[in-house]
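As stored in entry09.cif (mmCIF, C-alpha atoms and all ligand atoms):
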```cif
data_run
loop_
_atom_site.label_atom_id
_atom_site.label_comp_id
_atom_site.auth_asym_id
_atom_site.auth_seq_id
_atom_site.Cartn_x
_atom_site.Cartn_y
_atom_site.Cartn_z
CA MET Y 21 52.21 -186.44 59.49
CA ASP Y 22 48.51 -185.56 59.82
CA ILE Y 23 45.96 -186.54 57.22
CA ARG Y 24 45.87 -183.09 55.54
CA THR Y 25 49.63 -182.96 55.07
CA ALA Y 26 49.53 -186.47 53.70
CA CYS Y 27 46.90 -185.44 51.15
CA VAL Y 28 48.91 -182.43 49.97
CA VAL Y 29 52.06 -184.53 49.59
CA LEU Y 30 50.15 -187.17 47.65
CA VAL Y 31 48.49 -184.68 45.29
CA CYS Y 32 51.84 -183.00 44.55
CA ALA Y 33 53.55 -186.32 43.84
CA VAL Y 34 50.78 -187.25 41.41
CA ALA Y 35 50.90 -183.85 39.70
CA LEU Y 36 54.63 -184.20 39.09
CA THR Y 37 54.47 -187.61 37.52
CA CYS Y 38 51.21 -187.23 35.60
CA ALA Y 39 52.37 -184.95 32.81
CA GLU Y 40 49.39 -183.53 30.95
CA PRO Y 41 49.15 -183.86 27.17
CA VAL Y 42 51.13 -181.23 25.35
CA LYS Y 43 49.21 -178.29 23.90
CA TYR Y 44 49.86 -178.27 20.18
CA VAL Y 45 48.64 -176.58 17.04
CA ASP Y 46 47.73 -178.62 13.99
CA CYS Y 47 49.70 -177.17 11.08
CA GLY Y 48 47.94 -179.10 8.33
CA SER Y 49 47.42 -182.82 8.89
CA ALA Y 50 46.10 -183.33 5.35
CA VAL Y 51 45.66 -187.13 5.40
CA GLY Y 52 45.46 -187.87 9.11
CA LYS Y 53 44.08 -186.70 12.42
CA VAL Y 54 46.05 -186.13 15.64
CA SER Y 55 44.39 -186.98 18.93
CA MET Y 56 47.24 -186.56 21.40
CA VAL Y 57 50.81 -185.36 21.75
CA ASP Y 58 52.95 -186.49 24.68
CA ILE Y 59 56.48 -185.34 25.49
CA ASN Y 60 58.47 -187.00 28.21
CA PRO Y 61 59.72 -185.60 30.52
CA CYS Y 62 57.74 -182.36 30.40
CA PRO Y 63 56.31 -181.60 33.86
CA ARG Y 64 55.11 -178.13 32.85
CA GLN Y 65 54.51 -176.28 29.63
CA PRO Y 66 56.03 -174.99 27.49
CA CYS Y 67 58.34 -178.02 27.71
CA GLN Y 68 61.84 -177.17 28.90
CA LEU Y 69 64.42 -179.04 26.87
CA ARG Y 70 67.75 -179.34 28.66
CA LYS Y 71 70.89 -179.41 26.51
CA GLY Y 72 72.52 -182.82 26.36
CA GLN Y 73 69.28 -184.61 27.13
CA SER Y 74 66.88 -186.52 24.96
CA TYR Y 75 63.10 -186.35 25.06
CA SER Y 76 60.54 -188.79 23.83
CA VAL Y 77 57.76 -187.56 21.60
CA ASN Y 78 54.62 -189.67 21.30
CA VAL Y 79 52.02 -188.60 18.74
CA THR Y 80 48.74 -190.50 18.63
CA PHE Y 81 47.05 -190.14 15.25
CA SER Y 82 44.82 -191.90 12.78
CA SER Y 83 45.46 -192.13 9.07
CA ALA Y 84 42.89 -191.43 6.38
CA VAL Y 85 45.02 -193.13 3.70
CA GLU Y 86 47.12 -196.21 3.07
CA SER Y 87 50.85 -195.68 2.90
CA GLN Y 88 53.82 -198.02 2.54
CA THR Y 89 56.24 -195.51 4.00
CA SER Y 90 56.33 -192.61 6.41
CA LYS Y 91 59.01 -190.01 6.81
CA ALA Y 92 59.43 -187.52 9.62
CA ILE Y 93 60.53 -183.95 8.95
CA VAL Y 94 61.31 -181.71 11.90
CA HIS Y 95 61.89 -177.97 11.93
CA GLY Y 96 62.68 -175.50 14.66
CA VAL Y 97 60.78 -172.32 13.93
CA ILE Y 98 62.74 -169.34 15.20
CA ALA Y 99 61.14 -165.92 14.73
CA GLY Y 100 58.90 -167.38 12.02
CA VAL Y 101 61.77 -168.98 10.09
CA PRO Y 102 61.75 -172.80 9.88
CA ILE Y 103 65.22 -174.31 10.37
CA PRO Y 104 65.76 -178.06 9.69
CA PHE Y 105 66.24 -180.03 12.89
CA ALA Y 106 68.10 -183.35 12.68
CA ILE Y 107 66.51 -186.36 14.30
CA PRO Y 108 68.37 -189.70 14.46
CA VAL Y 109 65.54 -191.79 12.96
CA GLN Y 110 63.60 -190.22 10.09
CA ASP Y 111 61.76 -193.40 9.17
CA GLY Y 112 58.33 -193.38 10.81
CA CYS Y 113 58.05 -197.12 10.14
CA LYS Y 114 60.95 -197.56 12.60
CA SER Y 115 59.36 -195.20 15.13
CA GLY Y 116 56.59 -197.27 16.64
CA ILE Y 117 54.47 -197.51 13.47
CA ALA Y 118 53.83 -200.90 11.90
CA CYS Y 119 53.93 -200.32 8.13
CA PRO Y 120 52.20 -200.42 5.74
CA ILE Y 121 49.95 -197.80 7.30
CA GLU Y 122 46.30 -198.69 6.96
CA LYS Y 123 43.30 -196.48 6.41
CA GLU Y 124 41.24 -195.50 9.48
CA SER Y 125 43.74 -197.07 11.88
CA ASN Y 126 45.24 -195.55 14.99
CA TYR Y 127 48.97 -195.23 15.45
CA HIS Y 128 51.43 -194.10 18.07
CA TYR Y 129 54.43 -192.44 16.52
CA VAL Y 130 57.23 -192.52 19.12
CA ASN Y 131 60.61 -190.91 18.58
CA GLU Y 132 63.48 -189.21 20.37
CA LEU Y 133 64.25 -185.51 20.28
CA PRO Y 134 67.92 -185.07 21.17
CA VAL Y 135 68.91 -181.62 22.38
CA LYS Y 136 72.50 -180.83 21.45
CA GLU Y 137 74.85 -178.80 23.65
CA ILE Y 138 75.47 -176.38 20.78
CA TYR Y 139 71.84 -175.26 20.58
CA PRO Y 140 71.19 -171.72 21.77
CA SER Y 141 69.15 -171.15 24.93
CA ILE Y 142 66.02 -169.78 23.31
CA LYS Y 143 62.31 -170.30 23.04
CA LEU Y 144 61.16 -171.72 19.75
CA VAL Y 145 58.38 -173.68 18.11
CA VAL Y 146 58.99 -177.28 17.07
CA GLU Y 147 57.20 -178.28 13.88
CA TRP Y 148 56.96 -182.03 13.43
CA GLU Y 149 55.58 -183.58 10.24
CA LEU Y 150 55.11 -187.18 9.22
CA ARG Y 151 54.70 -187.58 5.46
CA ASP Y 152 53.11 -190.44 3.54
CA ASP Y 153 54.12 -192.01 0.18
CA ASP Y 154 52.88 -188.93 -1.69
CA GLY Y 155 54.62 -186.45 0.59
CA LYS Y 156 51.33 -185.47 2.22
CA ASP Y 157 51.18 -184.89 5.95
CA LEU Y 158 49.80 -187.75 8.03
CA PHE Y 159 50.28 -185.24 10.78
CA CYS Y 160 51.77 -181.81 11.20
CA ILE Y 161 52.00 -180.46 14.72
CA GLU Y 162 53.60 -177.42 16.28
CA PHE Y 163 54.39 -176.99 19.95
CA PRO Y 164 56.43 -174.37 21.81
CA VAL Y 165 59.57 -175.36 23.73
CA GLN Y 166 62.29 -173.62 25.67
CA ILE Y 167 65.90 -174.78 25.40
CA VAL Y 168 67.74 -174.43 28.70
CA SER Y 169 71.30 -175.18 29.87
C1 LIG Y 201 52.11 -193.37 23.51
O1 LIG Y 201 50.90 -192.80 23.96
C2 LIG Y 201 49.81 -193.72 24.00
C3 LIG Y 201 48.58 -192.95 24.41
O2 LIG Y 201 48.73 -192.37 25.65
C4 LIG Y 201 50.15 -194.87 24.95
O3 LIG Y 201 49.10 -195.80 24.95
C5 LIG Y 201 51.44 -195.53 24.51
O4 LIG Y 201 51.80 -196.54 25.44
C6 LIG Y 201 52.56 -194.51 24.40
N1 LIG Y 201 53.74 -195.17 23.88
C7 LIG Y 201 54.96 -195.03 24.43
C8 LIG Y 201 56.06 -195.83 23.83
O5 LIG Y 201 55.16 -194.28 25.38
#
```

Using structure tokens, write down the structure that the file contains.
Ligand SMILES: *[C@@H]1O[C@H](CO)[C@@H](O)[C@H](O)[C@H]1NC(C)=O
Amino acid sequence: MDIRTACVVLVCAVALTCAEPVKYVDCGSAVGKVSMVDINPCPRQPCQLRKGQSYSVNVTFSSAVESQTSKAIVHGVIAGVPIPFAIPVQDGCKSGIACPIEKESNYHYVNELPVKEIYPSIKLVVEWELRDDDGKDLFCIEFPVQIVS
């Protein structure tokens, strides 16, 4: 293998493993600020979610308030209509966050997004909220996905 071929192979290998941060829309993080959203695996966007597989979602955010609890609410938005999406662990304090949540601290919220076989093969927007004690959003993010068989 000559040096140029070696470079191309190397660059491709790096591109495949180094997934870029997911492009998201902030849908109203009232009492927090999101700095990064990571979905794994998601080599190219919009993320393709294969039925029967599970994906990890990692949201890096900072909180502007104190909160004893945190609760995740997930919706799949299909043609503008939000449909509740079940996640196995709703408790944010069991999803990588050490509670109580402190003011002006950074957190990594890490959870699984299981994709059931019964889901239709469609494109949709995932809306993921994490609510504080008062039901206000520590974060609210939306990102497009495509469910594939
Ligand atoms: C979540 O993302 C942050 C920022 O990239 C990283 O430091 C952390 O290790 C990630 N956590 C997990 C469990 O992947």

Self-check item: Nearest to Gln166 (chain Y), chosen from Y:Val45, Y:Val85, Y:Val97, Y:Cys119, with only C-alpha atoms counted in the distances
Solution: Y:Val97

Quiz item: Rounded to one decimal in Å, what is the spacing between CA of Val51 (chain Y) and CA of Asp153 (chain Y)?
Solution: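 Those two atoms sit 11.1 Å apart.
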
Quiz prompt | Within-10 Å residues of ligand LIG 201 (chain Y), basis all atoms listed in the file, as a list in words | solution =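 My answer, listing the contacting residues, is Pro41, Ser55, Met56, Val57, Asp58, Ile59, Asn60, Ser76, Val77, Asn78, Val79, Thr80, Phe81, Ser115, Gly116, Tyr127, His128, Tyr129, Val130 and Asn131 of chain Y.
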
Each residue of region 26-121 of chain Y lying at most 7 Å from region 155-158 of chain Y should get a row with its shortest atom-to-atom pair and the distance in Å to one decimal, counting only C-alpha atoms; could you produce that, ordered by chain and increasing number, as CSV?
```
residue,atom,partner,partner_atom,distance
Y:Ser49,CA,Y:Asp157,CA,5.2
Y:Ala50,CA,Y:Asp157,CA,5.3
Y:Val51,CA,Y:Leu158,CA,4.9
Y:Gly52,CA,Y:Leu158,CA,4.5
Y:Ser83,CA,Y:Leu158,CA,6.3
```

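The interatomic distance for the pair CA of Ile121 (chain Y) and CA of Glu86 (chain Y) works out to 5.3 Å.
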
Exercise. Within 8 Å of Cys160 (chain Y), counting all atoms listed in the file, which residues show up once you throw out same-chain ones fewer than 4 positions away? Write them as a ChimeraX atom specification, please.
Key: /Y:46-49,147-150

Quiz item: Using all atoms listed in the file, which residue out of Y:Ile161, Y:Pro108, Y:Lys123, Y:Ala99 lies closest to Ser82 (chain Y)?
Solution: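 Of all the options, Y:Lys123 lies closest to Ser82 (chain Y).
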
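Closest approach to Gly96 (chain Y) from the set Y:Lys143, Y:Lys71, Y:Lys53, Y:Lys114 is made by Y:Lys143, with distances taken over all atoms listed in the file.
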
Practice problem: To one decimal in Å, tell me the separation between CA of Cys62 (chain Y) and CA of Ile107 (chain Y). | Solution: 18.8 Å

Practice problem: Counting only C-alpha atoms, select every polymer residue within 12 Å of (55.9, -176.1, 31.6) as defined in the file's coordinates, and provide the selection as a PyMOL selection string. | Solution: chain Y and resi 36+39-43+59-69+163-167

Quiz item: Which of these, Y:Tyr44, Y:Ser74, Y:Asp154, Y:Ala106, has the shortest distance to Pro134 (chain Y) once you count all atoms listed in the file?
Solution: Y:Ser74

Self-check item: Shortest interatomic distance to Ile98 (chain Y) - which of Y:Leu144, Y:Arg151, Y:Ser169, Y:Val135, counting all atoms listed in the file
Solution: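 Using all atoms listed in the file, the shortest distance to Ile98 (chain Y) belongs to Y:Leu144.
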
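Of the listed residues Y:Val145, Y:Tyr75, Y:Arg70, Y:Ser87, the one whose atoms come nearest to Glu132 (chain Y) is Y:Tyr75, with distances taken using all atoms listed in the file.
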